[in-house]
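Structure file protein-v3.cif with mmCIF, C-alpha atoms and all ligand atoms:
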```
data_my_file
loop_
_atom_site.group_PDB
_atom_site.id
_atom_site.type_symbol
_atom_site.label_atom_id
_atom_site.label_comp_id
_atom_site.auth_asym_id
_atom_site.auth_seq_id
_atom_site.Cartn_x
_atom_site.Cartn_y
_atom_site.Cartn_z
ATOM 1 C CA MET F 1 -45.125 97.316 7.311
ATOM 2 C CA GLU F 2 -45.713 96.085 10.846
ATOM 3 C CA ILE F 3 -44.278 92.658 11.590
ATOM 4 C CA SER F 4 -46.709 92.185 14.497
ATOM 5 C CA GLU F 5 -49.624 92.973 12.192
ATOM 6 C CA ILE F 6 -48.405 90.386 9.648
ATOM 7 C CA LYS F 7 -47.987 87.769 12.380
ATOM 8 C CA LYS F 8 -51.467 88.472 13.683
ATOM 9 C CA HIS F 9 -52.942 87.152 10.431
ATOM 10 C CA LEU F 10 -50.375 84.426 9.874
ATOM 11 C CA SER F 11 -50.938 80.710 10.217
ATOM 12 C CA ALA F 12 -48.183 78.755 8.525
ATOM 13 C CA GLU F 13 -45.926 75.832 9.356
ATOM 14 C CA ILE F 14 -42.618 76.397 7.598
ATOM 15 C CA VAL F 15 -42.909 79.386 5.294
ATOM 16 C CA GLY F 16 -42.649 82.589 7.325
ATOM 17 C CA GLU F 17 -41.621 80.764 10.466
ATOM 18 C CA LYS F 18 -38.690 83.168 10.312
ATOM 19 C CA LEU F 19 -39.793 86.540 9.018
ATOM 20 C CA PHE F 20 -37.707 89.689 8.440
ATOM 21 C CA VAL F 21 -39.343 93.028 7.646
ATOM 22 C CA TYR F 22 -37.355 96.027 6.351
ATOM 23 C CA ASP F 23 -38.159 99.626 5.426
ATOM 24 C CA GLU F 24 -35.890 99.732 2.403
ATOM 25 C CA VAL F 25 -33.626 97.248 0.660
ATOM 26 C CA GLY F 26 -31.980 96.988 -2.760
ATOM 27 C CA SER F 27 -33.817 93.786 -3.642
ATOM 28 C CA THR F 28 -35.490 91.387 -1.209
ATOM 29 C CA ASN F 29 -34.026 88.495 -3.244
ATOM 30 C CA ASP F 30 -30.484 89.755 -2.621
ATOM 31 C CA LEU F 31 -31.132 90.486 1.032
ATOM 32 C CA LEU F 32 -32.458 86.992 1.622
ATOM 33 C CA ARG F 33 -29.328 85.554 0.041
ATOM 34 C CA GLU F 34 -27.169 87.725 2.300
ATOM 35 C CA LEU F 35 -29.075 86.531 5.369
ATOM 36 C CA MET F 36 -28.519 82.976 4.223
ATOM 37 C CA GLY F 37 -24.788 83.655 3.820
ATOM 38 C CA ASP F 38 -24.751 84.911 7.421
ATOM 39 C CA GLY F 39 -26.489 81.760 8.615
ATOM 40 C CA LEU F 40 -29.695 83.651 9.462
ATOM 41 C CA ALA F 41 -32.028 82.179 6.859
ATOM 42 C CA ALA F 42 -33.236 78.606 6.411
ATOM 43 C CA ASP F 43 -35.916 76.710 4.486
ATOM 44 C CA GLY F 44 -39.074 78.845 4.622
ATOM 45 C CA THR F 45 -37.480 82.130 5.719
ATOM 46 C CA VAL F 46 -39.304 85.168 4.337
ATOM 47 C CA VAL F 47 -38.072 88.718 3.761
ATOM 48 C CA VAL F 48 -40.488 91.591 3.157
ATOM 49 C CA SER F 49 -39.615 95.216 2.479
ATOM 50 C CA ASP F 50 -41.630 98.413 2.351
ATOM 51 C CA SER F 51 -39.627 99.550 -0.696
ATOM 52 C CA GLN F 52 -36.850 98.401 -3.012
ATOM 53 C CA THR F 53 -34.238 100.666 -4.574
ATOM 54 C CA ALA F 54 -33.162 98.004 -7.080
ATOM 55 C CA GLY F 55 -36.204 95.743 -7.481
ATOM 56 C CA ARG F 56 -35.742 93.581 -10.518
ATOM 57 C CA GLY F 57 -37.564 91.255 -12.838
ATOM 58 C CA ARG F 58 -36.076 88.602 -15.075
ATOM 59 C CA LEU F 59 -33.178 89.290 -17.442
ATOM 60 C CA GLY F 60 -32.179 92.417 -15.511
ATOM 61 C CA ARG F 61 -35.541 94.128 -16.094
ATOM 62 C CA LYS F 62 -36.675 96.673 -13.511
ATOM 63 C CA TRP F 63 -39.486 96.033 -11.016
ATOM 64 C CA VAL F 64 -41.152 99.327 -10.023
ATOM 65 C CA SER F 65 -41.055 99.273 -6.201
ATOM 66 C CA PRO F 66 -42.289 102.494 -4.534
ATOM 67 C CA ALA F 67 -42.490 102.723 -0.738
ATOM 68 C CA GLY F 68 -45.626 102.219 1.320
ATOM 69 C CA ARG F 69 -47.880 100.826 -1.375
ATOM 70 C CA ASN F 70 -47.054 97.319 -2.502
ATOM 71 C CA LEU F 71 -45.729 93.963 -1.411
ATOM 72 C CA TYR F 72 -42.137 92.934 -2.113
ATOM 73 C CA LEU F 73 -41.514 89.510 -0.658
ATOM 74 C CA SER F 74 -38.864 86.819 -1.031
ATOM 75 C CA ALA F 75 -39.087 83.305 0.341
ATOM 76 C CA LEU F 76 -36.291 80.786 0.676
ATOM 77 C CA PHE F 77 -36.901 77.146 -0.229
ATOM 78 C CA CYS F 78 -34.429 74.303 0.090
ATOM 79 C CA PRO F 79 -36.197 71.445 -1.706
ATOM 80 C CA GLU F 80 -34.576 68.314 -3.057
ATOM 81 C CA ILE F 81 -35.014 68.891 -6.767
ATOM 82 C CA SER F 82 -32.811 69.158 -9.818
ATOM 83 C CA PRO F 83 -32.048 72.677 -11.135
ATOM 84 C CA GLN F 84 -34.036 72.057 -14.297
ATOM 85 C CA ARG F 85 -37.181 71.661 -12.199
ATOM 86 C CA SER F 86 -36.817 75.058 -10.522
ATOM 87 C CA SER F 87 -39.672 76.555 -12.603
ATOM 88 C CA VAL F 88 -41.994 74.351 -10.587
ATOM 89 C CA PHE F 89 -41.494 76.840 -7.738
ATOM 90 C CA THR F 90 -42.470 79.721 -10.022
ATOM 91 C CA PHE F 91 -45.619 77.681 -10.699
ATOM 92 C CA LEU F 92 -46.119 77.121 -6.968
ATOM 93 C CA ALA F 93 -45.910 80.873 -6.297
ATOM 94 C CA SER F 94 -48.279 81.638 -9.200
ATOM 95 C CA CYS F 95 -50.876 79.202 -7.841
ATOM 96 C CA ALA F 96 -50.527 80.748 -4.367
ATOM 97 C CA LEU F 97 -51.107 84.226 -5.821
ATOM 98 C CA VAL F 98 -54.182 83.170 -7.823
ATOM 99 C CA GLU F 99 -55.587 81.581 -4.678
ATOM 100 C CA VAL F 100 -55.059 84.710 -2.558
ATOM 101 C CA PHE F 101 -56.533 87.001 -5.221
ATOM 102 C CA SER F 102 -59.589 84.783 -5.459
ATOM 103 C CA GLY F 103 -60.163 85.362 -1.719
ATOM 104 C CA TYR F 104 -60.651 89.055 -2.665
ATOM 105 C CA GLY F 105 -63.130 88.060 -5.379
ATOM 106 C CA VAL F 106 -60.519 88.805 -8.059
ATOM 107 C CA ASP F 107 -60.178 86.365 -10.940
ATOM 108 C CA ALA F 108 -56.456 86.423 -11.729
ATOM 109 C CA THR F 109 -54.930 84.580 -14.667
ATOM 110 C CA ILE F 110 -51.461 83.166 -15.121
ATOM 111 C CA LYS F 111 -49.377 84.261 -18.086
ATOM 112 C CA TRP F 112 -46.587 81.747 -18.622
ATOM 113 C CA PRO F 113 -44.034 81.686 -17.150
ATOM 114 C CA ASN F 114 -44.251 84.131 -14.246
ATOM 115 C CA ASP F 115 -46.844 86.881 -14.630
ATOM 116 C CA ILE F 116 -50.185 87.269 -12.910
ATOM 117 C CA LEU F 117 -52.728 89.339 -14.803
ATOM 118 C CA VAL F 118 -56.203 90.642 -14.121
ATOM 119 C CA ASP F 119 -58.241 91.733 -17.148
ATOM 120 C CA GLY F 120 -55.046 91.429 -19.217
ATOM 121 C CA LYS F 121 -53.075 93.797 -16.945
ATOM 122 C CA LYS F 122 -50.115 92.782 -14.818
ATOM 123 C CA ILE F 123 -50.682 92.878 -11.072
ATOM 124 C CA SER F 124 -47.866 90.601 -9.929
ATOM 125 C CA GLY F 125 -44.653 88.955 -11.079
ATOM 126 C CA VAL F 126 -42.467 86.149 -9.764
ATOM 127 C CA LEU F 127 -38.686 86.017 -9.978
ATOM 128 C CA THR F 128 -37.120 82.626 -9.241
ATOM 129 C CA GLU F 129 -33.383 82.524 -8.585
ATOM 130 C CA LEU F 130 -31.352 79.530 -7.496
ATOM 131 C CA GLY F 131 -28.049 78.412 -6.054
ATOM 132 C CA THR F 132 -26.663 75.057 -7.139
ATOM 133 C CA SER F 133 -23.762 72.805 -6.345
ATOM 134 C CA ALA F 134 -22.743 69.438 -7.770
ATOM 135 C CA GLY F 135 -25.710 69.503 -10.145
ATOM 136 C CA SER F 136 -28.410 69.882 -7.520
ATOM 137 C CA VAL F 137 -30.346 72.772 -6.003
ATOM 138 C CA ASP F 138 -28.918 74.214 -2.773
ATOM 139 C CA TYR F 139 -31.644 76.804 -2.455
ATOM 140 C CA LEU F 140 -34.305 78.677 -4.369
ATOM 141 C CA VAL F 141 -35.181 82.305 -3.732
ATOM 142 C CA ILE F 142 -38.710 83.079 -4.884
ATOM 143 C CA GLY F 143 -39.259 86.833 -5.219
ATOM 144 C CA ILE F 144 -42.817 88.087 -5.517
ATOM 145 C CA GLY F 145 -43.940 91.628 -6.270
ATOM 146 C CA VAL F 146 -47.641 92.477 -5.933
ATOM 147 C CA ASN F 147 -49.257 95.828 -6.743
ATOM 148 C CA LEU F 148 -51.594 96.375 -3.819
ATOM 149 C CA ASN F 149 -52.326 100.061 -3.243
ATOM 150 C CA LEU F 150 -50.850 101.531 -6.402
ATOM 151 C CA PRO F 151 -53.216 104.292 -7.613
ATOM 152 C CA GLU F 152 -54.001 104.981 -11.287
ATOM 153 C CA GLU F 153 -52.285 108.397 -11.018
ATOM 154 C CA PHE F 154 -49.021 106.776 -9.949
ATOM 155 C CA ILE F 155 -49.182 104.233 -12.759
ATOM 156 C CA HIS F 156 -49.822 106.952 -15.347
ATOM 157 C CA ARG F 157 -47.196 109.300 -13.932
ATOM 158 C CA GLU F 158 -44.373 106.878 -13.152
ATOM 159 C CA MET F 159 -44.956 103.850 -15.365
ATOM 160 C CA ASP F 160 -45.653 105.562 -18.630
ATOM 161 C CA ASP F 161 -44.434 102.842 -20.980
ATOM 162 C CA ILE F 162 -46.458 100.099 -19.236
ATOM 163 C CA SER F 163 -49.354 102.112 -17.802
ATOM 164 C CA GLU F 164 -51.943 100.446 -20.051
ATOM 165 C CA LYS F 165 -50.697 97.008 -19.014
ATOM 166 C CA THR F 166 -50.520 97.508 -15.240
ATOM 167 C CA THR F 167 -53.084 97.310 -12.461
ATOM 168 C CA SER F 168 -53.286 96.977 -8.684
ATOM 169 C CA LEU F 169 -55.618 95.347 -6.193
ATOM 170 C CA SER F 170 -56.880 98.689 -4.861
ATOM 171 C CA ILE F 171 -57.806 99.798 -8.393
ATOM 172 C CA LEU F 172 -59.765 96.578 -8.898
ATOM 173 C CA LEU F 173 -61.519 96.714 -5.529
ATOM 174 C CA GLY F 174 -61.995 100.473 -5.364
ATOM 175 C CA GLU F 175 -60.520 100.564 -1.865
ATOM 176 C CA LYS F 176 -57.207 100.279 -0.041
ATOM 177 C CA VAL F 177 -56.145 96.833 1.124
ATOM 178 C CA SER F 178 -54.124 95.856 4.183
ATOM 179 C CA ARG F 179 -50.654 94.969 2.972
ATOM 180 C CA GLU F 180 -49.979 93.031 6.174
ATOM 181 C CA ARG F 181 -53.073 90.925 5.726
ATOM 182 C CA PHE F 182 -52.344 90.190 2.077
ATOM 183 C CA CYS F 183 -48.755 89.342 3.016
ATOM 184 C CA ALA F 184 -49.881 86.890 5.700
ATOM 185 C CA GLU F 185 -52.395 85.297 3.317
ATOM 186 C CA LEU F 186 -49.739 84.880 0.642
ATOM 187 C CA ILE F 187 -47.291 83.325 3.112
ATOM 188 C CA GLY F 188 -50.090 80.983 4.230
ATOM 189 C CA ALA F 189 -50.823 79.943 0.638
ATOM 190 C CA LEU F 190 -47.111 79.407 -0.106
ATOM 191 C CA ASP F 191 -46.835 77.308 3.036
ATOM 192 C CA ARG F 192 -49.798 75.144 2.126
ATOM 193 C CA LEU F 193 -48.568 74.540 -1.417
ATOM 194 C CA TYR F 194 -45.029 73.865 -0.176
ATOM 195 C CA GLY F 195 -46.583 71.198 2.064
ATOM 196 C CA GLU F 196 -48.354 69.815 -0.997
ATOM 197 C CA PHE F 197 -45.022 69.728 -2.841
ATOM 198 C CA ARG F 198 -43.295 67.917 0.028
ATOM 199 C CA ARG F 199 -46.066 65.337 0.264
ATOM 200 C CA ARG F 200 -46.848 64.785 -3.404
ATOM 201 C CA GLY F 201 -43.853 66.065 -5.397
ATOM 202 C CA THR F 202 -43.363 68.323 -8.392
ATOM 203 C CA GLN F 203 -45.987 66.723 -10.632
ATOM 204 C CA ALA F 204 -48.788 67.668 -8.220
ATOM 205 C CA ILE F 205 -47.741 71.333 -8.461
ATOM 206 C CA VAL F 206 -47.370 71.197 -12.246
ATOM 207 C CA ASP F 207 -50.821 69.595 -12.585
ATOM 208 C CA MET F 208 -52.415 72.241 -10.373
ATOM 209 C CA TRP F 209 -50.650 74.979 -12.315
ATOM 210 C CA ILE F 210 -51.770 73.534 -15.705
ATOM 211 C CA GLU F 211 -55.376 73.635 -14.538
ATOM 212 C CA ARG F 212 -55.147 77.235 -13.290
ATOM 213 C CA TRP F 213 -53.190 78.357 -16.361
ATOM 214 C CA GLY F 214 -55.829 76.922 -18.690
ATOM 215 C CA PHE F 215 -53.874 76.897 -21.967
ATOM 216 C CA LEU F 216 -53.341 73.156 -22.427
ATOM 217 C CA GLY F 217 -54.590 72.298 -25.929
ATOM 218 C CA LYS F 218 -54.880 75.969 -26.843
ATOM 219 C CA GLU F 219 -52.803 78.110 -29.181
ATOM 220 C CA ILE F 220 -50.174 80.432 -27.688
ATOM 221 C CA SER F 221 -47.226 82.482 -28.928
ATOM 222 C CA VAL F 222 -44.006 82.706 -26.986
ATOM 223 C CA ASP F 223 -41.150 85.122 -27.527
ATOM 224 C CA VAL F 224 -37.902 83.226 -27.002
ATOM 225 C CA SER F 225 -34.997 85.700 -27.202
ATOM 226 C CA GLY F 226 -36.679 87.549 -30.065
ATOM 227 C CA GLU F 227 -37.960 84.465 -31.934
ATOM 228 C CA VAL F 228 -41.744 84.118 -31.689
ATOM 229 C CA ILE F 229 -42.867 80.491 -31.584
ATOM 230 C CA SER F 230 -46.604 79.854 -32.014
ATOM 231 C CA GLY F 231 -48.412 76.589 -31.598
ATOM 232 C CA LEU F 232 -50.901 74.431 -29.782
ATOM 233 C CA VAL F 233 -49.791 73.504 -26.268
ATOM 234 C CA GLU F 234 -49.536 69.733 -26.555
ATOM 235 C CA ARG F 235 -48.037 69.142 -23.133
ATOM 236 C CA VAL F 236 -46.265 70.649 -20.140
ATOM 237 C CA ASP F 237 -43.635 68.322 -18.684
ATOM 238 C CA GLY F 238 -42.574 67.777 -15.074
ATOM 239 C CA ASN F 239 -39.969 70.558 -15.399
ATOM 240 C CA GLY F 240 -42.589 73.061 -16.493
ATOM 241 C CA PHE F 241 -41.293 73.114 -20.090
ATOM 242 C CA LEU F 242 -43.911 73.687 -22.801
ATOM 243 C CA TYR F 243 -44.268 71.592 -25.960
ATOM 244 C CA LEU F 244 -45.849 73.546 -28.797
ATOM 245 C CA ARG F 245 -47.119 71.923 -32.018
ATOM 246 C CA THR F 246 -46.524 74.529 -34.717
ATOM 247 C CA ASP F 247 -48.681 74.816 -37.815
ATOM 248 C CA LYS F 248 -45.834 73.162 -39.762
ATOM 249 C CA GLY F 249 -46.333 70.119 -37.560
ATOM 250 C CA ASP F 250 -43.061 70.434 -35.596
ATOM 251 C CA LEU F 251 -43.055 69.902 -31.847
ATOM 252 C CA ARG F 252 -41.026 72.724 -30.219
ATOM 253 C CA ARG F 253 -39.883 72.505 -26.612
ATOM 254 C CA VAL F 254 -39.924 75.884 -24.878
ATOM 255 C CA VAL F 255 -37.932 76.233 -21.667
ATOM 256 C CA THR F 256 -38.236 79.955 -21.056
ATOM 257 C CA GLY F 257 -39.467 83.121 -22.740
ATOM 258 C CA ASP F 258 -42.416 85.515 -22.596
ATOM 259 C CA THR F 259 -45.952 84.717 -23.687
ATOM 260 C CA VAL F 260 -47.088 87.198 -26.344
ATOM 261 C CA PHE F 261 -50.732 88.229 -26.147
HETATM 262 C C1 LIG X 301 -41.191 89.801 -13.170
HETATM 263 O O1 LIG X 301 -40.199 89.900 -14.106
HETATM 264 O O2 LIG X 301 -42.358 89.981 -13.359
HETATM 265 C C2 LIG X 301 -40.680 89.435 -11.779
HETATM 266 C C3 LIG X 301 -40.911 90.535 -10.780
HETATM 267 C C4 LIG X 301 -40.463 90.132 -9.409
HETATM 268 C C5 LIG X 301 -40.427 91.283 -8.452
HETATM 269 C C6 LIG X 301 -40.120 90.826 -7.053
HETATM 270 S S1 LIG X 301 -40.361 92.074 -5.863
HETATM 271 C C7 LIG X 301 -39.617 91.118 -4.655
HETATM 272 C C8 LIG X 301 -38.436 90.441 -5.316
HETATM 273 N N1 LIG X 301 -37.258 91.282 -5.282
HETATM 274 C C9 LIG X 301 -36.861 91.659 -6.503
HETATM 275 O O3 LIG X 301 -35.867 92.379 -6.753
HETATM 276 N N2 LIG X 301 -37.691 91.128 -7.423
HETATM 277 C C10 LIG X 301 -38.715 90.311 -6.812
HETATM 278 P P1 LIG X 301 -40.449 90.064 -15.682
HETATM 279 O O4 LIG X 301 -41.340 88.973 -16.186
HETATM 280 O O5 LIG X 301 -39.086 90.153 -16.262
HETATM 281 O O6 LIG X 301 -41.241 91.415 -15.807
HETATM 282 C C11 LIG X 301 -40.628 92.646 -15.633
HETATM 283 C C12 LIG X 301 -41.473 93.652 -16.407
HETATM 284 O O7 LIG X 301 -42.693 93.892 -15.708
HETATM 285 C C13 LIG X 301 -40.817 95.015 -16.542
HETATM 286 O O8 LIG X 301 -39.952 95.040 -17.667
HETATM 287 C C14 LIG X 301 -42.031 95.925 -16.731
HETATM 288 O O9 LIG X 301 -42.504 95.861 -18.068
HETATM 289 C C15 LIG X 301 -43.099 95.266 -15.864
HETATM 290 N N3 LIG X 301 -43.151 95.884 -14.519
HETATM 291 C C16 LIG X 301 -42.177 96.447 -13.762
HETATM 292 N N4 LIG X 301 -42.638 96.841 -12.569
HETATM 293 C C17 LIG X 301 -43.948 96.531 -12.540
HETATM 294 C C18 LIG X 301 -44.961 96.658 -11.572
HETATM 295 N N5 LIG X 301 -44.752 97.174 -10.344
HETATM 296 N N6 LIG X 301 -46.208 96.220 -11.908
HETATM 297 C C19 LIG X 301 -46.484 95.682 -13.116
HETATM 298 N N7 LIG X 301 -45.552 95.517 -14.068
HETATM 299 C C20 LIG X 301 -44.290 95.923 -13.786
#
```

Can I see the file as structure tokens?
Ligand code: BT5
Amino acid sequence: MEISEIKKHLSAEIVGEKLFVYDEVGSTNDLLRELMGDGLAADGTVVVSDSQTAGRGRLGRKWVSPAGRNLYLSALFCPEISPQRSSVFTFLASCALVEVFSGYGVDATIKWPNDILVDGKKISGVLTELGTSAGSVDYLVIGIGVNLNLPEEFIHREMDDISEKTTSLSILLGEKVSRERFCAELIGALDRLYGEFRRRGTQAIVDMWIERWGFLGKEISVDVSGEVISGLVERVDGNGFLYLRTDKGDLRRVVTGDTVF
């Protein structure tokens, strides 16, 4: 990816002010942390790579990261929030993604906590990692993978186990998309929502996310370490935790897990 081409489309205040572009890294999340350790990354710094040799999802899951086709981006945020509110930044990234997809005429939906789907197929995922000290957040690394120009053949050949559940923007649009342009648009959306967070706080982001998610008051099932909890979503609190009213009448708080569709 061409850094000059990304910058050409970029208009952002803090996010992407410092931008590093690589051909190949292990994981952009790790590289960003290394840059921070070397004093080269600050609030808003973004790392993008053409490919990842060790792209990962949550809980050590793999993120398929071939060269030349997709977007692998990590952004550093240094907000003043408590560690238990860190999911709010996963929400912020999800809202940014939905916004950018809608600019392409694509109606993306959020699957709690960190997936973006189109027509029930995963197109993007967010991995939030954090560093803490003395009970507060030092930094958050928000890793975002987006399938942009991944063709059907690749998905069927290389992603056998998840091929029915995976899509890309080029498949949906029927044409290749500029990765640089998408990257700049995503950085712009992250920047705008980070501004919103700084001005109005976590609740504003949670409220926006709840609206885009659309499951408040509806029934969902969540797999929490192998236990499936089903219930009506009664509320989402300021940390992004879900409260599900089960059919037995109990109110279960769900901090993390995977939505089961
Ligand atoms: C995620 O985890 O969805 C978070 C993915 C974050 C990837 C970005 S890329 C830039 C940054 N650097 C990294 O190393 N990571 C971040 P999770 O909810 O755990 O979902 C992982 C699951 O998604 C896998 O187990 C597969 O089932 C599926 N998957 C893997 N690669 C995929 C892909 N390219 N497209 C769609 N689904 C995929």

Contacts of F:Met36 within 12 Å, all atoms listed in the file, excl. fewer than 6 positions in-chain, as a PyMOL selection string
chain F and resi 18+29-30+42-47+75-78+131+138-141

Run the PyMOL selection byres (((chain F and resi 196) around 12) and not hetatm) mentally over the shown coordinates, then write out the matched residues as an MDAnalysis selection string, using the chain letters and numbers from the document.
chainID F and resid 89 92 95:96 189:195 197:208

Write out, as an mmCIF file, in the frame of the given file, the residues just selected, with C-alpha atoms.
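Done, and the output landed in result.cif:
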```cif
data_model
loop_
_atom_site.group_PDB
_atom_site.id
_atom_site.type_symbol
_atom_site.label_atom_id
_atom_site.label_comp_id
_atom_site.auth_asym_id
_atom_site.auth_seq_id
_atom_site.Cartn_x
_atom_site.Cartn_y
_atom_site.Cartn_z
ATOM 1 C CA PHE F 89 -41.494 76.840 -7.738
ATOM 2 C CA LEU F 92 -46.119 77.121 -6.968
ATOM 3 C CA CYS F 95 -50.876 79.202 -7.841
ATOM 4 C CA ALA F 96 -50.527 80.748 -4.367
ATOM 5 C CA ALA F 189 -50.823 79.943 0.638
ATOM 6 C CA LEU F 190 -47.111 79.407 -0.106
ATOM 7 C CA ASP F 191 -46.835 77.308 3.036
ATOM 8 C CA ARG F 192 -49.798 75.144 2.126
ATOM 9 C CA LEU F 193 -48.568 74.540 -1.417
ATOM 10 C CA TYR F 194 -45.029 73.865 -0.176
ATOM 11 C CA GLY F 195 -46.583 71.198 2.064
ATOM 12 C CA PHE F 197 -45.022 69.728 -2.841
ATOM 13 C CA ARG F 198 -43.295 67.917 0.028
ATOM 14 C CA ARG F 199 -46.066 65.337 0.264
ATOM 15 C CA ARG F 200 -46.848 64.785 -3.404
ATOM 16 C CA GLY F 201 -43.853 66.065 -5.397
ATOM 17 C CA THR F 202 -43.363 68.323 -8.392
ATOM 18 C CA GLN F 203 -45.987 66.723 -10.632
ATOM 19 C CA ALA F 204 -48.788 67.668 -8.220
ATOM 20 C CA ILE F 205 -47.741 71.333 -8.461
ATOM 21 C CA VAL F 206 -47.370 71.197 -12.246
ATOM 22 C CA ASP F 207 -50.821 69.595 -12.585
ATOM 23 C CA MET F 208 -52.415 72.241 -10.373
#
```

Could you tell me which residues the PyMOL selection byres (((chain F and resi 258) around 9) and not hetatm) grabs in this file, written as a ChimeraX atom specification?
/F:111-114,221-225,256-257,259-260

Compile the contact shell of F:Leu31 as an NGL selection string: residues with an atom at most 12 Å away, counting only C-alpha atoms, same-chain residues fewer than 2 positions apart removed.
:F and (20-22 or 24-29 or 33-38 or 40-41 or 45-49 or 52 or 54-55 or 72-76 or 141 or 143)

For F:Arg252, list every protein, DNA or RNA residue within 7 Å, evaluated using only C-alpha atoms, and leave out those in the same chain fewer than 3 positions away; present the list as JSON, numbers by chain.
{"F": [243, 244, 245]}

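Proximity ranking of F:Leu173, F:Leu216, F:Leu10, F:Ile187 relative to F:Val100 places F:Ile187 first, based on only C-alpha atoms.
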
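One distance worth recording is that between atom CA of F:Gly145 and atom CA of F:Ser170, which is 14.8 Å.
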
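The residue that comes closest to F:Ser136, out of F:Pro83, F:Gly57, F:Gly240, F:Gly16 and on the basis of only C-alpha atoms, is F:Pro83.
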
Neighbouring residues of F:Pro151 were defined as those with any atom within 12 Å, considering only C-alpha atoms; residues of the same chain fewer than 3 positions away were excluded. Please report them as a PDB file with C-alpha atoms, in the coordinates of the input.
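Writing done, so here's selection.pdb:
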```pdb
ATOM      1  CA  PRO F  66     -42.289 102.494  -4.534  1.00  0.00           C
ATOM      2  CA  GLY F  68     -45.626 102.219   1.320  1.00  0.00           C
ATOM      3  CA  ARG F  69     -47.880 100.826  -1.375  1.00  0.00           C
ATOM      4  CA  ASN F  70     -47.054  97.319  -2.502  1.00  0.00           C
ATOM      5  CA  ASN F 147     -49.257  95.828  -6.743  1.00  0.00           C
ATOM      6  CA  LEU F 148     -51.594  96.375  -3.819  1.00  0.00           C
ATOM      7  CA  PHE F 154     -49.021 106.776  -9.949  1.00  0.00           C
ATOM      8  CA  ILE F 155     -49.182 104.233 -12.759  1.00  0.00           C
ATOM      9  CA  HIS F 156     -49.822 106.952 -15.347  1.00  0.00           C
ATOM     10  CA  ARG F 157     -47.196 109.300 -13.932  1.00  0.00           C
ATOM     11  CA  GLU F 158     -44.373 106.878 -13.152  1.00  0.00           C
ATOM     12  CA  MET F 159     -44.956 103.850 -15.365  1.00  0.00           C
ATOM     13  CA  SER F 163     -49.354 102.112 -17.802  1.00  0.00           C
ATOM     14  CA  THR F 166     -50.520  97.508 -15.240  1.00  0.00           C
ATOM     15  CA  THR F 167     -53.084  97.310 -12.461  1.00  0.00           C
ATOM     16  CA  SER F 168     -53.286  96.977  -8.684  1.00  0.00           C
ATOM     17  CA  LEU F 169     -55.618  95.347  -6.193  1.00  0.00           C
ATOM     18  CA  SER F 170     -56.880  98.689  -4.861  1.00  0.00           C
ATOM     19  CA  ILE F 171     -57.806  99.798  -8.393  1.00  0.00           C
ATOM     20  CA  LEU F 172     -59.765  96.578  -8.898  1.00  0.00           C
ATOM     21  CA  LEU F 173     -61.519  96.714  -5.529  1.00  0.00           C
ATOM     22  CA  GLY F 174     -61.995 100.473  -5.364  1.00  0.00           C
ATOM     23  CA  GLU F 175     -60.520 100.564  -1.865  1.00  0.00           C
ATOM     24  CA  LYS F 176     -57.207 100.279  -0.041  1.00  0.00           C
ATOM     25  CA  VAL F 177     -56.145  96.833   1.124  1.00  0.00           C
TER      26      VAL F 177
END
```

Please expand the PyMOL selection byres (((chain F and resi 242) around 6) and not hetatm) into the concrete residues it hits in this file, giving the result as a PyMOL selection string.
chain F and resi 236+241+243+253-254

Show me as a VMD selection string the residues that reach within 12 Å of (-55.3, 72.9, -20.3), counting all atoms listed in the file and using the file's own coordinates.
chain F and resid 206 to 220 232 to 236 242

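Counting from atom CA of F:Ser4, the distance to atom CA of F:Lys122 is 29.5 Å.
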
Taking all atoms of stretch 139-146 of chain F that the file lists and extending 5 Å past them on each side, where is the centre of the axis-aligned box and how long are its edges? Answer in Å to one decimal, as AutoDock Vina command-line options.
```
--center_x -39.6 --center_y 84.6 --center_z -4.4 --size_x 26.0 --size_y 25.7 --size_z 13.8
```

At what distance in Å, to one decimal, does atom N4 of ligand LIG 301 (chain X) lie from atom CA of F:Ser65?
7.0 Å

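For the set F:Met1, F:Ile123, F:Leu130, F:Leu186, the residue with the smallest atom-to-atom gap to F:Val64 is F:Ile123, counting all atoms listed in the file.
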
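Restricting the calculation to all atoms listed in the file, the smallest distance between ligand LIG 301 (chain X) and any of F:Arg58, F:Val228, F:Val15, F:Thr90 is found for F:Arg58.
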